[in-house]
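Scroll down for the structure; my scribbles are underneath it.
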Amino acid sequence: MSMKNIAIVAGGDSSEYGISLKSAAGLYSFIDKSRYEACIVILRGQDWSACPEGIESSLRIPIDKNDFSYPYRGQQYCFDLAWITIHGTPGENGLLQGYFDLIGLPYSCCGVLPAALTFNKYVCNIYLNRFGLEIAPSVLLRKEDPIDTDRILAETGLPCFVKSNVGGSSFGTSKVKAAEDLPKAIELAFGEGNEVLVEGFLSGTELTNGCYKTTKGLVSLPVTEVVSKNEFFDYEAKYDPGKAEEITPARIPGSRRDEIQQTTARIYKLLDCKGVIRVDYILCDEKLYLLEVNTTPGMTATSFIPQQVKAAGMTMAEMMEQIIEDNLANTKISDHV
């Protein structure tokens, strides 16, 4: 039986382009190459290119957008599944998923609706709050909205966090301690997108937890505790190993671990997720608050999900195989319905 061809799709059109390429390199290094043929595909605007000789090679072959194939060494290469590792648009907000649905190519992560919902932090958190999940007080701003500092702070208080409602990796995120600093922080966040989220500050223990689906059901990964040495878990703390301590498994009681894993699995089902997700929380005054849901989490060697997979006694190759086979199996079933 011939090996399945897997596209590791990276890049995108947000500030997280470079991080996405690092995630792609991580996934390419993790995947079992005795079982799968893997090729990184980089998307940037209308430029979609396959890298059949590796991401370090200068060879870039244009993708045929009619079927997401590419010519190489005298034949046309088609893919059996796309593993989306774009952080930001178009891979995290449902646009790329819609395209893959149209051409009939299976993919590794959430479908159009869950992807669009989770990409909008405000809408996702308000939706999940209706099911009993605790969230911080928040205000959503759009570019055309007047900035009423008094109204915003009446909802969130000080200090507060200001961030893009549709961005990631803490790009454009500020912790605001004084009212006069709020307009500048909002302007910075608008540099990442057309919507800005202002959230009340919660002081506590930051925790994050991964969950994914296999043909046998959901797998809840160990919980990671995040201790930032910066003012908050900003971009520098996320990507400079000396600026944060990431402890897996987290230093929390077993009952709290179980609560977090069960909550993540519940969120997975409520949102009808696929593949692997990561949910970020903060434990404040013994109460668990939802921060956000990430449906295309980072996949570098030091990212949270690989840390949690290792702590669970598995390899990333095993996790990838379980997710790939689950999605291929579900595709085969749906094709015959």
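By order in the structure tokens, chains are A, B, ...; within a chain, residues start at 1; ligands start at 1, following the order shown.
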
Run DSSP on the backbone of this structure and report the residues of stretch 123-222 of chain A it assigns to strand (DSSP E or B), as a VMD selection string.
chain A and resid 134 138 to 142 160 to 164 174 to 176 195 to 200 205 to 214 217 to 222

So that I have them on file, write out the residues from the current selection with C-alpha atoms, as a compact mmCIF listing (two decimals), in the first residue's frame.
```
# COMPACT_ATOMS: atom_id res chain seq x y z
CA GLU A 134 -16.21 31.71 33.83
CA SER A 138 -14.60 42.41 28.58
CA VAL A 139 -15.41 45.07 25.99
CA LEU A 140 -15.22 44.60 22.21
CA LEU A 141 -14.12 47.58 20.07
CA ARG A 142 -14.26 48.00 16.31
CA CYS A 160 -6.73 45.58 32.11
CA PHE A 161 -5.42 43.80 29.05
CA VAL A 162 -5.79 45.21 25.54
CA LYS A 163 -5.26 42.82 22.62
CA SER A 164 -6.35 42.04 19.11
CA SER A 174 -0.60 45.50 26.38
CA LYS A 175 -1.24 45.49 30.10
CA VAL A 176 -2.73 48.87 30.97
CA GLU A 195 -11.34 44.38 16.34
CA VAL A 196 -9.80 44.93 19.77
CA LEU A 197 -10.65 43.21 23.03
CA VAL A 198 -10.25 44.93 26.41
CA GLU A 199 -10.38 42.46 29.30
CA GLY A 200 -10.34 42.85 33.05
CA THR A 205 -1.99 30.81 38.05
CA GLU A 206 -1.92 30.50 34.26
CA LEU A 207 -2.62 26.99 32.97
CA THR A 208 -2.99 25.47 29.54
CA ASN A 209 -4.27 22.09 28.39
CA GLY A 210 -4.38 20.18 25.11
CA CYS A 211 -6.97 17.73 23.86
CA TYR A 212 -7.35 15.78 20.62
CA LYS A 213 -9.56 13.18 19.00
CA THR A 214 -8.62 9.71 17.81
CA GLY A 217 -12.29 8.97 21.40
CA LEU A 218 -10.84 12.06 23.05
CA VAL A 219 -7.38 12.18 24.61
CA SER A 220 -6.77 14.74 27.36
CA LEU A 221 -3.12 15.73 27.71
CA PRO A 222 -1.32 16.75 30.91
```

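Here the residues within stretch 275-317 of chain A that DSSP labels helix (DSSP H, G or I) on the basis of the backbone are Phe304, Ile305, Pro306, Gln307, Gln308, Val309, Lys310, Ala311, Met316 and Ala317 of chain A.
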
Would you mind exporting the chosen residues as an mmCIF file, in the first residue's frame, restricted to N, CA and C atoms?
```
data_model
loop_
_atom_site.group_PDB
_atom_site.id
_atom_site.type_symbol
_atom_site.label_atom_id
_atom_site.label_comp_id
_atom_site.auth_asym_id
_atom_site.auth_seq_id
_atom_site.Cartn_x
_atom_site.Cartn_y
_atom_site.Cartn_z
ATOM 1 N N PHE A 304 3.760 24.149 23.800
ATOM 2 C CA PHE A 304 3.026 23.484 24.879
ATOM 3 C C PHE A 304 2.568 22.074 24.511
ATOM 4 N N ILE A 305 1.981 21.905 23.323
ATOM 5 C CA ILE A 305 1.448 20.581 22.963
ATOM 6 C C ILE A 305 2.550 19.531 22.926
ATOM 7 N N PRO A 306 3.696 19.759 22.242
ATOM 8 C CA PRO A 306 4.773 18.763 22.310
ATOM 9 C C PRO A 306 5.247 18.480 23.736
ATOM 10 N N GLN A 307 5.277 19.498 24.587
ATOM 11 C CA GLN A 307 5.644 19.275 25.992
ATOM 12 C C GLN A 307 4.647 18.330 26.660
ATOM 13 N N GLN A 308 3.372 18.565 26.418
ATOM 14 C CA GLN A 308 2.333 17.762 27.061
ATOM 15 C C GLN A 308 2.296 16.333 26.516
ATOM 16 N N VAL A 309 2.532 16.205 25.218
ATOM 17 C CA VAL A 309 2.584 14.872 24.613
ATOM 18 C C VAL A 309 3.735 14.065 25.224
ATOM 19 N N LYS A 310 4.881 14.695 25.382
ATOM 20 C CA LYS A 310 6.045 14.030 25.993
ATOM 21 C C LYS A 310 5.738 13.633 27.431
ATOM 22 N N ALA A 311 5.094 14.534 28.186
ATOM 23 C CA ALA A 311 4.759 14.245 29.583
ATOM 24 C C ALA A 311 3.755 13.104 29.695
ATOM 25 N N MET A 316 5.371 12.770 19.430
ATOM 26 C CA MET A 316 4.572 13.577 18.524
ATOM 27 C C MET A 316 4.188 12.794 17.276
ATOM 28 N N ALA A 317 5.055 11.898 16.852
ATOM 29 C CA ALA A 317 4.737 11.064 15.685
ATOM 30 C C ALA A 317 3.490 10.224 15.949
#
```

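If you look at atom CA of A:Ser15 and atom CA of A:Thr224, they are 25.2 Å away from each other.
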
Contacts of stretch 68-161 of chain A with stretch 19-36 of chain A up to 12 Å, shortest pair per row, only C-alpha atoms, as JSON lines:
```
{"residue": "A:Phe79", "atom": "CA", "partner": "A:Tyr36", "partner_atom": "CA", "distance": 10.8}
{"residue": "A:Asp80", "atom": "CA", "partner": "A:Tyr36", "partner_atom": "CA", "distance": 10.0}
{"residue": "A:Leu81", "atom": "CA", "partner": "A:Tyr36", "partner_atom": "CA", "distance": 10.5}
{"residue": "A:Ala82", "atom": "CA", "partner": "A:Ala24", "partner_atom": "CA", "distance": 11.8}
{"residue": "A:Trp83", "atom": "CA", "partner": "A:Leu27", "partner_atom": "CA", "distance": 9.0}
{"residue": "A:Ile84", "atom": "CA", "partner": "A:Ala24", "partner_atom": "CA", "distance": 8.8}
{"residue": "A:Thr85", "atom": "CA", "partner": "A:Ser20", "partner_atom": "CA", "distance": 6.2}
{"residue": "A:Ile86", "atom": "CA", "partner": "A:Ser20", "partner_atom": "CA", "distance": 5.4}
{"residue": "A:His87", "atom": "CA", "partner": "A:Ser20", "partner_atom": "CA", "distance": 5.9}
{"residue": "A:Gly88", "atom": "CA", "partner": "A:Ser20", "partner_atom": "CA", "distance": 8.9}
{"residue": "A:Thr89", "atom": "CA", "partner": "A:Ser20", "partner_atom": "CA", "distance": 11.1}
{"residue": "A:Pro90", "atom": "CA", "partner": "A:Ser20", "partner_atom": "CA", "distance": 11.9}
{"residue": "A:Gly91", "atom": "CA", "partner": "A:Ser20", "partner_atom": "CA", "distance": 10.2}
{"residue": "A:Glu92", "atom": "CA", "partner": "A:Ser20", "partner_atom": "CA", "distance": 11.0}
```

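Using only C-alpha atoms, the shortest contact distance between A:Phe190 and any of A:Gly204, A:Gly104, A:Gly172, A:Gly157 is found at A:Gly172.
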
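Between A:Cys39 and the residues A:Glu245, A:Asp13, A:Glu53, A:Asp181, the shortest atom-to-atom distance, using only C-alpha atoms, involves A:Glu53.
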
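A straight line drawn from atom CA of A:Ser255 to atom CA of A:Tyr268 is 20.0 Å long.
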
Which neighbours of A:Val279 fall inside 10 Å, counting only C-alpha atoms, when residues of the same chain fewer than 3 positions from it are skipped, and could you give them as a ChimeraX atom specification?
/A:207-211,223,260-261,263-265,267-268,290-295,297

Identify, on the basis of only C-alpha atoms, every residue whose closest approach to A:Gly132 does not exceed 12 Å; exclude the query and any residue fewer than 2 positions from it along the same chain; express the result as a compact mmCIF listing (two decimals) with C-alpha atoms, in the first residue's frame.
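File written: around.txt
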```
# COMPACT_ATOMS: atom_id res chain seq x y z
CA ASN A 125 -15.84 33.34 25.21
CA ILE A 126 -19.34 34.84 25.36
CA TYR A 127 -20.71 31.68 23.71
CA LEU A 128 -18.92 29.36 26.16
CA ASN A 129 -19.94 31.55 29.09
CA ARG A 130 -23.55 30.61 28.25
CA GLU A 134 -16.21 31.71 33.83
CA ILE A 135 -14.66 34.56 31.80
CA THR A 263 -13.43 21.21 31.00
CA ARG A 266 -16.27 19.61 27.25
CA ILE A 267 -15.21 22.69 25.29
CA LEU A 270 -19.33 22.09 22.62
CA LEU A 288 -11.12 28.52 36.94
CA TYR A 289 -11.49 31.19 34.23
CA LEU A 290 -11.35 30.58 30.49
```

To one decimal in Å, tell me the separation between atom CA of A:Ala178 and atom CA of A:Asp145.
21.0 Å
